[in-house]
file protein_38.txt (compact mmCIF, C-alpha atoms)
# COMPACT_ATOMS: atom_id res chain seq x y z
CA MET A 20 -145.84 -125.63 152.29
CA LEU A 21 -148.02 -127.23 149.65
CA ARG A 22 -151.79 -127.24 150.09
CA MET A 23 -154.36 -128.36 147.53
CA PHE A 24 -157.99 -127.26 147.42
CA SER A 25 -161.01 -128.03 145.33
CA THR A 26 -164.63 -126.90 145.29
CA VAL A 27 -166.93 -129.79 146.21
CA ASN A 28 -170.69 -129.22 146.30
CA GLY A 29 -170.14 -125.48 146.50
CA GLN A 30 -167.71 -125.74 149.44
CA ILE A 31 -163.95 -125.36 149.39
CA GLU A 32 -162.22 -128.49 150.67
CA GLN A 33 -158.59 -129.46 151.08
CA ILE A 34 -157.54 -132.47 149.04
CA ASP A 35 -154.52 -134.79 149.05
CA LYS A 36 -153.85 -135.12 145.32
CA PRO A 37 -154.24 -132.63 142.47
CA GLU A 38 -157.25 -133.14 140.25
CA SER A 39 -158.87 -131.32 137.38
CA GLY A 40 -160.19 -127.93 138.48
CA SER A 41 -158.22 -127.84 141.74
CA TRP A 42 -156.01 -125.14 143.22
CA LEU A 43 -152.43 -125.77 144.35
CA ALA A 44 -151.20 -123.22 146.89
CA LEU A 45 -147.44 -123.07 147.46
CA SER A 46 -146.24 -120.84 150.30
CA ASP A 47 -142.56 -120.77 151.24
CA PRO A 48 -142.18 -124.08 149.35
CA THR A 49 -139.30 -126.50 149.70
CA ASP A 50 -137.26 -127.72 146.74
CA VAL A 51 -138.98 -131.10 147.00
CA GLU A 52 -142.44 -129.52 146.79
CA LEU A 53 -141.44 -127.37 143.81
CA THR A 54 -139.98 -130.36 141.99
CA THR A 55 -143.08 -132.46 142.70
CA VAL A 56 -145.47 -129.77 141.42
CA SER A 57 -143.30 -129.22 138.35
CA GLN A 58 -143.35 -132.92 137.47
CA GLU A 59 -147.09 -133.33 138.04
CA THR A 60 -148.25 -130.16 136.26
CA GLY A 61 -145.63 -129.67 133.57
CA VAL A 62 -144.80 -126.14 134.74
CA ASP A 63 -141.15 -125.23 134.32
CA LEU A 64 -139.26 -125.32 137.62
CA ALA A 65 -137.70 -121.91 136.93
CA ASP A 66 -141.17 -120.35 136.61
CA LEU A 67 -142.22 -121.91 139.91
CA ARG A 68 -139.13 -120.42 141.57
CA ALA A 69 -139.59 -116.97 140.02
CA PRO A 70 -141.83 -115.43 142.75
CA LEU A 71 -139.43 -116.63 145.46
CA ASP A 72 -137.15 -113.75 144.46
CA ASP A 73 -138.39 -110.64 146.26
CA GLU A 74 -137.03 -108.46 143.43
CA GLU A 75 -139.07 -110.23 140.74
CA ARG A 76 -141.04 -107.75 138.65
CA SER A 77 -144.76 -107.94 137.90
CA ARG A 78 -145.46 -109.39 134.47
CA VAL A 79 -147.48 -111.83 132.37
CA ASP A 80 -145.69 -114.71 130.65
CA VAL A 81 -147.54 -116.85 128.12
CA GLU A 82 -146.08 -120.32 127.59
CA ASP A 83 -147.29 -123.18 125.41
CA ASP A 84 -149.20 -125.05 128.14
CA TYR A 85 -149.74 -122.42 130.82
CA THR A 86 -149.86 -118.72 131.60
CA MET A 87 -147.94 -117.17 134.50
CA ILE A 88 -149.10 -113.93 136.12
CA ILE A 89 -146.86 -112.26 138.70
CA VAL A 90 -148.16 -109.37 140.81
CA ASP A 91 -146.83 -107.59 143.87
CA ILE A 92 -148.80 -108.06 147.08
CA PRO A 93 -148.48 -106.14 150.37
CA THR A 94 -147.15 -107.81 153.47
CA VAL A 95 -146.43 -106.75 157.02
CA GLY A 96 -143.59 -107.90 159.22
CA GLU A 97 -141.92 -106.76 162.42
CA ARG A 98 -138.70 -104.81 162.65
CA ALA A 99 -137.30 -103.23 165.84
CA GLY A 100 -140.62 -103.82 167.60
CA ARG A 101 -142.66 -102.03 164.92
CA ASN A 102 -144.73 -103.15 161.96
CA TRP A 103 -142.83 -102.98 158.71
CA TYR A 104 -144.75 -102.87 155.41
CA GLU A 105 -143.31 -104.05 152.12
CA THR A 106 -144.29 -105.84 148.92
CA ILE A 107 -143.46 -109.34 147.69
CA PRO A 108 -144.27 -111.20 144.44
CA LEU A 109 -147.20 -113.58 144.08
CA SER A 110 -147.35 -115.89 141.08
CA ILE A 111 -150.63 -117.16 139.61
CA ILE A 112 -150.06 -119.96 137.10
CA VAL A 113 -153.01 -121.10 135.03
CA THR A 114 -152.80 -124.43 133.20
CA LYS A 115 -155.45 -126.20 131.18
CA THR A 116 -156.85 -127.97 134.25
CA LEU A 117 -155.26 -126.35 137.33
CA ILE A 118 -154.45 -123.04 138.93
CA ILE A 119 -151.27 -122.69 140.99
CA THR A 120 -150.26 -119.89 143.32
CA VAL A 121 -146.68 -119.49 144.55
CA CYS A 122 -145.48 -117.05 147.21
CA MET A 123 -142.47 -116.82 149.51
CA GLN A 124 -144.79 -116.30 152.51
CA ASP A 125 -148.12 -117.59 153.77
CA THR A 126 -149.89 -114.44 152.67
CA PRO A 127 -153.21 -113.26 154.16
CA VAL A 128 -154.31 -112.35 150.62
CA LEU A 129 -155.15 -116.00 150.00
CA HIS A 130 -156.45 -116.97 153.45
CA PRO A 131 -160.13 -116.11 152.75
CA PHE A 132 -160.05 -118.36 149.67
CA MET A 133 -158.68 -121.24 151.70
CA GLU A 134 -161.30 -120.67 154.38
CA GLY A 135 -164.11 -120.44 151.83
CA THR A 136 -165.28 -116.98 152.92
CA ILE A 137 -165.08 -115.38 149.45
CA ARG A 138 -168.52 -115.17 147.89
CA GLY A 139 -168.78 -116.81 144.49
CA PHE A 140 -165.36 -118.46 144.73
CA ASN A 141 -164.99 -121.68 142.79
CA THR A 142 -161.69 -123.37 141.93
CA PHE A 143 -163.11 -124.50 138.58
CA MET A 144 -163.71 -120.90 137.50
CA ARG A 145 -160.08 -119.97 136.93
CA SER A 146 -160.63 -116.63 135.19
CA ARG A 147 -162.86 -115.39 138.00
CA PHE A 148 -160.41 -116.77 140.57
CA ILE A 149 -157.64 -114.59 139.08
CA LEU A 150 -159.83 -111.48 139.25
CA GLN A 151 -160.87 -112.31 142.81
CA ILE A 152 -157.23 -112.58 143.86
CA LEU A 153 -156.43 -109.26 142.21
CA TYR A 154 -159.44 -107.63 143.88
CA ARG A 155 -158.47 -109.02 147.26
CA ASN A 156 -154.92 -107.78 146.67
CA ALA A 157 -156.09 -104.24 145.87
CA THR A 158 -158.27 -104.13 148.99
CA MET A 159 -155.29 -105.26 151.10
CA TYR A 160 -153.28 -102.35 149.73
CA LEU A 161 -156.10 -99.97 150.69
CA ARG A 162 -156.27 -101.48 154.18
CA TYR A 163 -152.54 -101.10 154.80
CA LEU A 164 -152.59 -97.57 153.39
CA ARG A 165 -155.26 -96.59 155.93
CA ILE A 166 -153.16 -98.14 158.71
CA ILE A 167 -150.13 -96.15 157.54
CA ASP A 168 -152.25 -92.99 157.53
CA GLY A 169 -153.30 -93.71 161.13
CA GLU A 170 -149.68 -94.21 162.18
CA THR A 171 -148.81 -90.92 160.50
CA ASP A 172 -151.43 -89.11 162.59
CA LYS A 173 -150.00 -90.62 165.78
CA LEU A 174 -146.49 -89.55 164.79
CA GLU A 175 -147.75 -86.05 164.09
CA LEU A 176 -149.00 -85.69 167.66
CA ARG A 177 -145.71 -86.97 169.06
CA LEU A 178 -143.63 -84.73 166.84
CA ARG A 179 -145.24 -81.55 168.12
CA HIS A 180 -143.17 -81.75 171.30
CA SER A 181 -140.33 -84.01 170.18
CA MET A 182 -136.66 -83.08 170.23
CA GLN A 183 -135.35 -86.39 168.88
CA ASN A 184 -134.80 -87.80 165.42
CA ARG A 185 -136.62 -91.10 166.11
CA GLU A 186 -139.99 -89.84 164.92
CA ILE A 187 -138.45 -88.27 161.83
CA LEU A 188 -136.80 -91.60 160.96
CA MET A 189 -140.14 -93.38 161.43
CA LEU A 190 -141.73 -90.92 159.00
CA LEU A 191 -138.97 -91.64 156.49
CA GLU A 192 -139.64 -95.39 156.83
CA LEU A 193 -143.35 -94.87 156.15
CA SER A 194 -142.48 -92.64 153.20
CA LYS A 195 -140.24 -95.37 151.77
CA THR A 196 -143.04 -97.91 152.22
CA LEU A 197 -145.42 -95.69 150.24
CA VAL A 198 -142.89 -95.46 147.42
CA TYR A 199 -142.75 -99.27 147.29
CA PHE A 200 -146.54 -99.50 147.38
CA ASN A 201 -146.95 -96.93 144.62
CA THR A 202 -144.40 -98.64 142.37
CA SER A 203 -145.98 -102.07 142.92
CA LEU A 204 -149.50 -100.80 142.31
CA LYS A 205 -148.50 -99.20 139.01
CA SER A 206 -146.82 -102.46 137.95
CA ASN A 207 -149.97 -104.37 138.87
CA GLU A 208 -152.02 -101.92 136.82
CA ILE A 209 -149.96 -102.77 133.74
CA VAL A 210 -150.55 -106.47 134.38
CA MET A 211 -154.32 -105.88 134.62
CA GLU A 212 -154.34 -103.97 131.35
CA LYS A 213 -152.55 -106.84 129.67
CA LEU A 214 -154.99 -109.37 131.12
CA THR A 215 -157.95 -107.55 129.54
CA THR A 216 -156.46 -108.13 126.08
CA LEU A 217 -155.02 -111.61 126.68
CA SER A 218 -156.96 -114.19 124.68
CA ARG A 219 -155.56 -117.06 126.76
CA ILE A 220 -157.53 -115.83 129.79
CA LYS A 221 -161.18 -116.00 128.83
CA GLN A 222 -163.33 -113.00 129.66
CA TYR A 223 -166.86 -113.94 130.69
CA PRO A 224 -169.71 -111.37 130.62
CA GLU A 225 -170.65 -112.13 134.24
CA ASP A 226 -167.12 -111.16 135.34
CA GLU A 227 -167.12 -107.71 133.72
CA ASP A 228 -168.33 -105.98 136.89
CA LEU A 229 -165.64 -107.75 138.93
CA LEU A 230 -162.96 -106.66 136.45
CA ASP A 231 -164.17 -103.05 136.68
CA ASP A 232 -164.06 -103.27 140.47
CA VAL A 233 -160.50 -104.60 140.37
CA ILE A 234 -159.31 -101.76 138.13
CA THR A 235 -161.18 -99.16 140.23
CA GLU A 236 -159.79 -100.43 143.54
CA ASN A 237 -156.26 -100.53 142.17
CA LYS A 238 -156.53 -96.96 140.83
CA GLN A 239 -157.91 -95.79 144.16
CA ALA A 240 -154.96 -97.41 145.93
CA ILE A 241 -152.55 -95.64 143.57
CA GLU A 242 -154.22 -92.29 144.25
CA MET A 243 -154.14 -92.85 148.02
CA ALA A 244 -150.47 -93.83 147.90
CA ASN A 245 -149.66 -90.67 145.91
CA ILE A 246 -151.61 -88.45 148.32
CA TYR A 247 -150.07 -89.99 151.43
CA SER A 248 -146.59 -89.77 149.90
CA GLY A 249 -147.04 -86.05 149.29
CA VAL A 250 -148.41 -85.50 152.79
CA LEU A 251 -145.55 -87.45 154.38
CA ALA A 252 -142.93 -85.55 152.37
CA ASN A 253 -144.34 -82.22 153.54
CA MET A 254 -144.67 -83.47 157.11
CA THR A 255 -141.08 -84.67 157.17
CA ASP A 256 -139.79 -81.27 156.05
CA ALA A 257 -142.07 -79.39 158.42
CA PHE A 258 -141.32 -81.47 161.48
CA SER A 259 -137.60 -81.43 160.80
CA SER A 260 -137.91 -77.69 161.31
CA VAL A 261 -140.09 -78.26 164.39
CA VAL A 262 -137.49 -80.51 165.98
CA SER A 263 -134.77 -77.95 165.26
CA ASN A 264 -136.94 -75.18 166.67
CA ASN A 265 -137.70 -77.18 169.83
CA LEU A 266 -134.00 -77.79 170.30
CA SER A 267 -133.29 -74.08 169.82
CA ASN A 268 -135.84 -73.25 172.52
CA VAL A 269 -134.13 -75.60 174.96
CA MET A 270 -130.74 -74.15 174.13
CA ARG A 271 -132.14 -70.63 174.64
CA ILE A 272 -133.28 -71.55 178.16
CA PHE A 273 -129.93 -73.12 179.01
CA THR A 274 -128.10 -70.08 177.63
CA ILE A 275 -130.13 -67.72 179.83
CA ILE A 276 -129.51 -69.92 182.88
CA SER A 277 -125.78 -70.10 182.14
CA ILE A 278 -125.39 -66.32 181.74
CA THR A 279 -127.49 -65.66 184.85
CA LEU A 280 -125.43 -68.04 186.99
CA SER A 281 -122.17 -66.61 185.68
CA ILE A 282 -122.81 -63.32 187.55
CA PRO A 283 -122.67 -64.70 191.15
CA THR A 284 -119.92 -67.09 190.05
CA LEU A 285 -117.80 -64.15 188.89
CA ILE A 286 -118.40 -62.17 192.08
CA PHE A 287 -117.65 -65.01 194.48
CA SER A 288 -114.61 -65.99 192.44
CA MET A 289 -113.12 -62.53 192.85
CA TYR A 290 -113.77 -62.57 196.59
CA GLY A 291 -112.04 -65.88 196.82
CA MET A 292 -108.74 -64.39 195.68
CA ASN A 293 -105.93 -63.67 198.20
CA PHE A 294 -104.75 -60.05 198.54
CA GLN A 295 -101.58 -58.97 200.29
CA GLN A 296 -101.97 -56.80 203.37
CA GLY A 297 -101.56 -53.10 202.64
CA MET A 298 -102.93 -53.35 199.09
CA LEU A 299 -106.36 -52.20 198.04
CA GLY A 300 -108.78 -54.79 199.42
CA MET A 301 -112.14 -55.94 198.14
CA PRO A 302 -115.22 -53.88 199.11
CA PHE A 303 -117.12 -54.88 202.26
CA THR A 304 -114.37 -57.20 203.46
CA ASP A 305 -114.05 -55.32 206.74
CA SER A 306 -117.81 -54.91 207.24
CA ARG A 307 -119.74 -57.11 209.67
CA TRP A 308 -122.53 -57.48 207.12
CA GLY A 309 -120.18 -57.68 204.10
CA PHE A 310 -120.93 -61.33 203.28
CA LEU A 311 -124.69 -60.72 203.37
CA VAL A 312 -124.31 -57.58 201.26
CA ILE A 313 -122.31 -59.44 198.62
CA ILE A 314 -124.93 -62.22 198.46
CA VAL A 315 -127.78 -59.72 198.09
CA LEU A 316 -125.81 -57.84 195.44
CA ALA A 317 -125.12 -61.05 193.48
CA ILE A 318 -128.79 -62.05 193.61
CA ALA A 319 -129.91 -58.58 192.54
CA LEU A 320 -127.52 -58.49 189.60
CA SER A 321 -128.54 -62.02 188.56
CA LEU A 322 -132.24 -61.09 188.63
CA ALA A 323 -131.53 -57.95 186.63
CA VAL A 324 -129.62 -59.93 184.00
CA LEU A 325 -132.37 -62.58 183.91
CA TRP A 326 -135.03 -59.90 183.43
CA PHE A 327 -133.01 -58.32 180.62
CA LEU A 328 -132.30 -61.61 178.80
CA THR A 329 -135.91 -62.89 178.94
CA ARG A 330 -137.08 -59.68 177.29
CA SER A 331 -134.28 -59.37 174.81
CA ARG A 332 -135.10 -59.98 171.15
CA LEU A 333 -132.03 -62.15 170.81
CA PHE A 334 -133.56 -64.82 173.07
CA LYS A 335 -137.17 -64.79 171.82
call {"tool": "encode", "arguments": {"input": "protein_38.txt", "output": "structure tokens"}}
result
Amino acid sequence: MLRMFSTVNGQIEQIDKPESGSWLALSDPTDVELTTVSQETGVDLADLRAPLDDEERSRVDVEDDYTMIIVDIPTVGERAGRNWYETIPLSIIVTKTLIITVCMQDTPVLHPFMEGTIRGFNTFMRSRFILQILYRNATMYLRYLRIIDGETDKLELRLRHSMQNREILMLLELSKTLVYFNTSLKSNEIVMEKLTTLSRIKQYPEDEDLLDDVITENKQAIEMANIYSGVLANMTDAFSSVVSNNLSNVMRIFTIISITLSIPTLIFSMYGMNFQQGMLGMPFTDSRWGFLVIIVLAIALSLAVLWFLTRSRLFK
């Protein structure tokens, strides 16, 4: 999808044709759209396609007529009925008169710019626009990290009484997501450091505070990702032991029940055997109350074994 925007009288408006100072937003673009933008702006088609590869690394490329900045942005999808967090590349291409963004998805990172809800946003101010995108990107990372932390707390409550591996696998998925986030944030940090020394991107005094905020937010996101990764790693190890311990408790109960029930089973099995007349018979077989006595004896022995096993150190 190709959408074009321009700031008119202080308001962001969608336009039909690119003009000087406008913004071209490509999200999940078609080959026709990429070819059209390449012909109209002079940007190499390969550079426009670069962020469509989800393995593309974050970097800054300086060409003769434009500068391409690629950063990793967070995104959320659905997998097996659950939210799945990952990172994808976003390209910001700055020409002499235009700014172009290319992404394989319609990312929420750019939605506030399209809706005109970002304070001080102007498509003509390309240097500030880049910093605003990077700031918005860092805040999105922080938002998703807090969501992941909340999901971790919910999993912790469920794991206290769980005997299945499902929760452990969910923790491993969140841990893998944090690794991706941490790697992407560190790559973005390198891009930001390069931008501060890049003469092609002009640094205006009024944007210094915004640049500091971008760097601060990104560092905070890196620290949060590191902390949550450490917490998740410890939780995974701890709750793996909890699941094993819960399973051992269940097996202990079943073992006690099995041993207790084996006593009356053994007694009644012996009384079910056939003995030839004249041989030594089973006790109480000639008694009127023999059947009742055997039942009482089996129950008494079972209770005695149950009492012994529940107090034995082997089953605690």
call {"tool": "closest_residue", "arguments": {"input": "protein_38.txt", "among": "A:Leu214, A:Val90, A:Thr114, A:Ser25", "to": "Ser57 (chain A)", "atoms": "all atoms listed in the file"}}
result
A:Thr114
call {"tool": "residues_around", "arguments": {"input": "protein_38.txt", "residues": "Trp42 (chain A)", "least_positions_apart": "5", "cutoff": "7 Å", "atoms": "only C-alpha atoms", "output": "PDB file with C-alpha atoms, in the frame of the given file"}}
result
ATOM      1  CA  MET A  23    -154.360-128.360 147.530  1.00  0.00           C
ATOM      2  CA  PHE A  24    -157.990-127.260 147.420  1.00  0.00           C
ATOM      3  CA  SER A  25    -161.010-128.030 145.330  1.00  0.00           C
ATOM      4  CA  LEU A 117    -155.260-126.350 137.330  1.00  0.00           C
ATOM      5  CA  ILE A 118    -154.450-123.040 138.930  1.00  0.00           C
ATOM      6  CA  ILE A 119    -151.270-122.690 140.990  1.00  0.00           C
ATOM      7  CA  THR A 142    -161.690-123.370 141.930  1.00  0.00           C
TER       8      THR A 142
END
call {"tool": "closest_residue", "arguments": {"input": "protein_38.txt", "among": "A:Ser203, A:Thr126, A:Gln151, A:Thr60", "to": "Ile112 (chain A)", "atoms": "all atoms listed in the file"}}
result
A:Thr60
call {"tool": "closest_residue", "arguments": {"input": "protein_38.txt", "among": "A:Ile272, A:Thr284, A:Ala240, A:Thr255", "to": "Thr202 (chain A)", "atoms": "all atoms listed in the file"}}
result
A:Ala240
call {"tool": "closest_atom_pairs", "arguments": {"input": "protein_38.txt", "of": "region 32-94 of chain A", "to": "region 100-105 of chain A", "cutoff": "9 Å", "atoms": "all atoms listed in the file", "output": "CSV"}}
result
residue,atom,partner,partner_atom,distance
A:Ile92,CA,A:Glu105,CA,8.5
A:Pro93,CA,A:Glu105,CA,5.8
A:Thr94,CA,A:Glu105,CA,5.5
call {"tool": "closest_residue", "arguments": {"input": "protein_38.txt", "among": "A:Lys36, A:Arg98, A:Arg145, A:Arg185", "to": "Thr86 (chain A)", "atoms": "all atoms listed in the file"}}
result
A:Arg145
call {"tool": "build_atoms", "arguments": {"input": "protein_38.txt", "residues": "region 252-286 of chain A", "atoms": "N, CA and C atoms", "output": "PDB file, keeping the file's coordinate frame"}}
result
ATOM      1  N   ALA A 252    -144.104 -86.346 152.755  1.00  0.00           N
ATOM      2  CA  ALA A 252    -142.930 -85.550 152.370  1.00  0.00           C
ATOM      3  C   ALA A 252    -143.002 -84.163 152.994  1.00  0.00           C
ATOM      4  N   ASN A 253    -144.189 -83.546 152.940  1.00  0.00           N
ATOM      5  CA  ASN A 253    -144.340 -82.220 153.540  1.00  0.00           C
ATOM      6  C   ASN A 253    -144.207 -82.278 155.060  1.00  0.00           C
ATOM      7  N   MET A 254    -144.766 -83.333 155.660  1.00  0.00           N
ATOM      8  CA  MET A 254    -144.670 -83.470 157.110  1.00  0.00           C
ATOM      9  C   MET A 254    -143.229 -83.648 157.562  1.00  0.00           C
ATOM     10  N   THR A 255    -142.472 -84.441 156.804  1.00  0.00           N
ATOM     11  CA  THR A 255    -141.080 -84.670 157.170  1.00  0.00           C
ATOM     12  C   THR A 255    -140.288 -83.378 157.163  1.00  0.00           C
ATOM     13  N   ASP A 256    -140.491 -82.565 156.116  1.00  0.00           N
ATOM     14  CA  ASP A 256    -139.790 -81.270 156.050  1.00  0.00           C
ATOM     15  C   ASP A 256    -140.231 -80.348 157.173  1.00  0.00           C
ATOM     16  N   ALA A 257    -141.554 -80.303 157.404  1.00  0.00           N
ATOM     17  CA  ALA A 257    -142.070 -79.390 158.420  1.00  0.00           C
ATOM     18  C   ALA A 257    -141.593 -79.776 159.816  1.00  0.00           C
ATOM     19  N   PHE A 258    -141.666 -81.060 160.124  1.00  0.00           N
ATOM     20  CA  PHE A 258    -141.320 -81.470 161.480  1.00  0.00           C
ATOM     21  C   PHE A 258    -139.812 -81.546 161.699  1.00  0.00           C
ATOM     22  N   SER A 259    -139.035 -81.596 160.633  1.00  0.00           N
ATOM     23  CA  SER A 259    -137.600 -81.430 160.800  1.00  0.00           C
ATOM     24  C   SER A 259    -137.306 -80.032 161.334  1.00  0.00           C
ATOM     25  N   SER A 260    -138.052 -79.066 160.813  1.00  0.00           N
ATOM     26  CA  SER A 260    -137.910 -77.690 161.310  1.00  0.00           C
ATOM     27  C   SER A 260    -138.448 -77.566 162.729  1.00  0.00           C
ATOM     28  N   VAL A 261    -139.527 -78.309 163.034  1.00  0.00           N
ATOM     29  CA  VAL A 261    -140.090 -78.260 164.390  1.00  0.00           C
ATOM     30  C   VAL A 261    -139.100 -78.801 165.405  1.00  0.00           C
ATOM     31  N   VAL A 262    -138.473 -79.929 165.074  1.00  0.00           N
ATOM     32  CA  VAL A 262    -137.490 -80.510 165.980  1.00  0.00           C
ATOM     33  C   VAL A 262    -136.328 -79.547 166.208  1.00  0.00           C
ATOM     34  N   SER A 263    -135.865 -78.920 165.130  1.00  0.00           N
ATOM     35  CA  SER A 263    -134.770 -77.950 165.260  1.00  0.00           C
ATOM     36  C   SER A 263    -135.205 -76.752 166.100  1.00  0.00           C
ATOM     37  N   ASN A 264    -136.441 -76.313 165.902  1.00  0.00           N
ATOM     38  CA  ASN A 264    -136.940 -75.180 166.670  1.00  0.00           C
ATOM     39  C   ASN A 264    -137.093 -75.533 168.154  1.00  0.00           C
ATOM     40  N   ASN A 265    -137.591 -76.747 168.435  1.00  0.00           N
ATOM     41  CA  ASN A 265    -137.700 -77.180 169.830  1.00  0.00           C
ATOM     42  C   ASN A 265    -136.328 -77.245 170.502  1.00  0.00           C
ATOM     43  N   LEU A 266    -135.347 -77.732 169.761  1.00  0.00           N
ATOM     44  CA  LEU A 266    -134.000 -77.790 170.300  1.00  0.00           C
ATOM     45  C   LEU A 266    -133.438 -76.398 170.543  1.00  0.00           C
ATOM     46  N   SER A 267    -133.755 -75.473 169.638  1.00  0.00           N
ATOM     47  CA  SER A 267    -133.290 -74.080 169.820  1.00  0.00           C
ATOM     48  C   SER A 267    -133.916 -73.453 171.057  1.00  0.00           C
ATOM     49  N   ASN A 268    -135.182 -73.783 171.314  1.00  0.00           N
ATOM     50  CA  ASN A 268    -135.840 -73.250 172.520  1.00  0.00           C
ATOM     51  C   ASN A 268    -135.171 -73.764 173.787  1.00  0.00           C
ATOM     52  N   VAL A 269    -134.811 -75.048 173.789  1.00  0.00           N
ATOM     53  CA  VAL A 269    -134.130 -75.600 174.960  1.00  0.00           C
ATOM     54  C   VAL A 269    -132.759 -74.946 175.138  1.00  0.00           C
ATOM     55  N   MET A 270    -132.056 -74.788 174.043  1.00  0.00           N
ATOM     56  CA  MET A 270    -130.740 -74.150 174.130  1.00  0.00           C
ATOM     57  C   MET A 270    -130.859 -72.705 174.584  1.00  0.00           C
ATOM     58  N   ARG A 271    -131.927 -72.008 174.194  1.00  0.00           N
ATOM     59  CA  ARG A 271    -132.140 -70.630 174.640  1.00  0.00           C
ATOM     60  C   ARG A 271    -132.310 -70.575 176.162  1.00  0.00           C
ATOM     61  N   ILE A 272    -133.070 -71.519 176.705  1.00  0.00           N
ATOM     62  CA  ILE A 272    -133.280 -71.550 178.160  1.00  0.00           C
ATOM     63  C   ILE A 272    -131.962 -71.821 178.880  1.00  0.00           C
ATOM     64  N   PHE A 273    -131.206 -72.795 178.368  1.00  0.00           N
ATOM     65  CA  PHE A 273    -129.930 -73.120 179.010  1.00  0.00           C
ATOM     66  C   PHE A 273    -128.933 -71.956 178.907  1.00  0.00           C
ATOM     67  N   THR A 274    -128.993 -71.233 177.795  1.00  0.00           N
ATOM     68  CA  THR A 274    -128.100 -70.080 177.630  1.00  0.00           C
ATOM     69  C   THR A 274    -128.429 -68.997 178.646  1.00  0.00           C
ATOM     70  N   ILE A 275    -129.719 -68.718 178.846  1.00  0.00           N
ATOM     71  CA  ILE A 275    -130.130 -67.720 179.830  1.00  0.00           C
ATOM     72  C   ILE A 275    -129.707 -68.130 181.233  1.00  0.00           C
ATOM     73  N   ILE A 276    -129.912 -69.428 181.551  1.00  0.00           N
ATOM     74  CA  ILE A 276    -129.510 -69.920 182.880  1.00  0.00           C
ATOM     75  C   ILE A 276    -128.003 -69.799 183.068  1.00  0.00           C
ATOM     76  N   SER A 277    -127.236 -70.148 182.029  1.00  0.00           N
ATOM     77  CA  SER A 277    -125.780 -70.100 182.140  1.00  0.00           C
ATOM     78  C   SER A 277    -125.276 -68.667 182.364  1.00  0.00           C
ATOM     79  N   ILE A 278    -125.823 -67.723 181.594  1.00  0.00           N
ATOM     80  CA  ILE A 278    -125.390 -66.320 181.740  1.00  0.00           C
ATOM     81  C   ILE A 278    -125.803 -65.784 183.110  1.00  0.00           C
ATOM     82  N   THR A 279    -127.014 -66.145 183.555  1.00  0.00           N
ATOM     83  CA  THR A 279    -127.490 -65.660 184.850  1.00  0.00           C
ATOM     84  C   THR A 279    -126.612 -66.178 185.991  1.00  0.00           C
ATOM     85  N   LEU A 280    -126.257 -67.453 185.933  1.00  0.00           N
ATOM     86  CA  LEU A 280    -125.430 -68.040 186.990  1.00  0.00           C
ATOM     87  C   LEU A 280    -123.977 -67.578 186.927  1.00  0.00           C
ATOM     88  N   SER A 281    -123.563 -67.071 185.771  1.00  0.00           N
ATOM     89  CA  SER A 281    -122.170 -66.610 185.680  1.00  0.00           C
ATOM     90  C   SER A 281    -121.929 -65.348 186.496  1.00  0.00           C
ATOM     91  N   ILE A 282    -122.980 -64.558 186.783  1.00  0.00           N
ATOM     92  CA  ILE A 282    -122.810 -63.320 187.550  1.00  0.00           C
ATOM     93  C   ILE A 282    -122.378 -63.619 188.987  1.00  0.00           C
ATOM     94  N   PRO A 283    -123.150 -64.402 189.786  1.00  0.00           N
ATOM     95  CA  PRO A 283    -122.670 -64.700 191.150  1.00  0.00           C
ATOM     96  C   PRO A 283    -121.372 -65.510 191.139  1.00  0.00           C
ATOM     97  N   THR A 284    -121.176 -66.345 190.115  1.00  0.00           N
ATOM     98  CA  THR A 284    -119.920 -67.090 190.050  1.00  0.00           C
ATOM     99  C   THR A 284    -118.721 -66.152 189.917  1.00  0.00           C
ATOM    100  N   LEU A 285    -118.873 -65.127 189.072  1.00  0.00           N
ATOM    101  CA  LEU A 285    -117.800 -64.150 188.890  1.00  0.00           C
ATOM    102  C   LEU A 285    -117.522 -63.384 190.173  1.00  0.00           C
ATOM    103  N   ILE A 286    -118.582 -62.957 190.858  1.00  0.00           N
ATOM    104  CA  ILE A 286    -118.400 -62.170 192.080  1.00  0.00           C
ATOM    105  C   ILE A 286    -117.731 -62.996 193.165  1.00  0.00           C
TER     106      ILE A 286
END
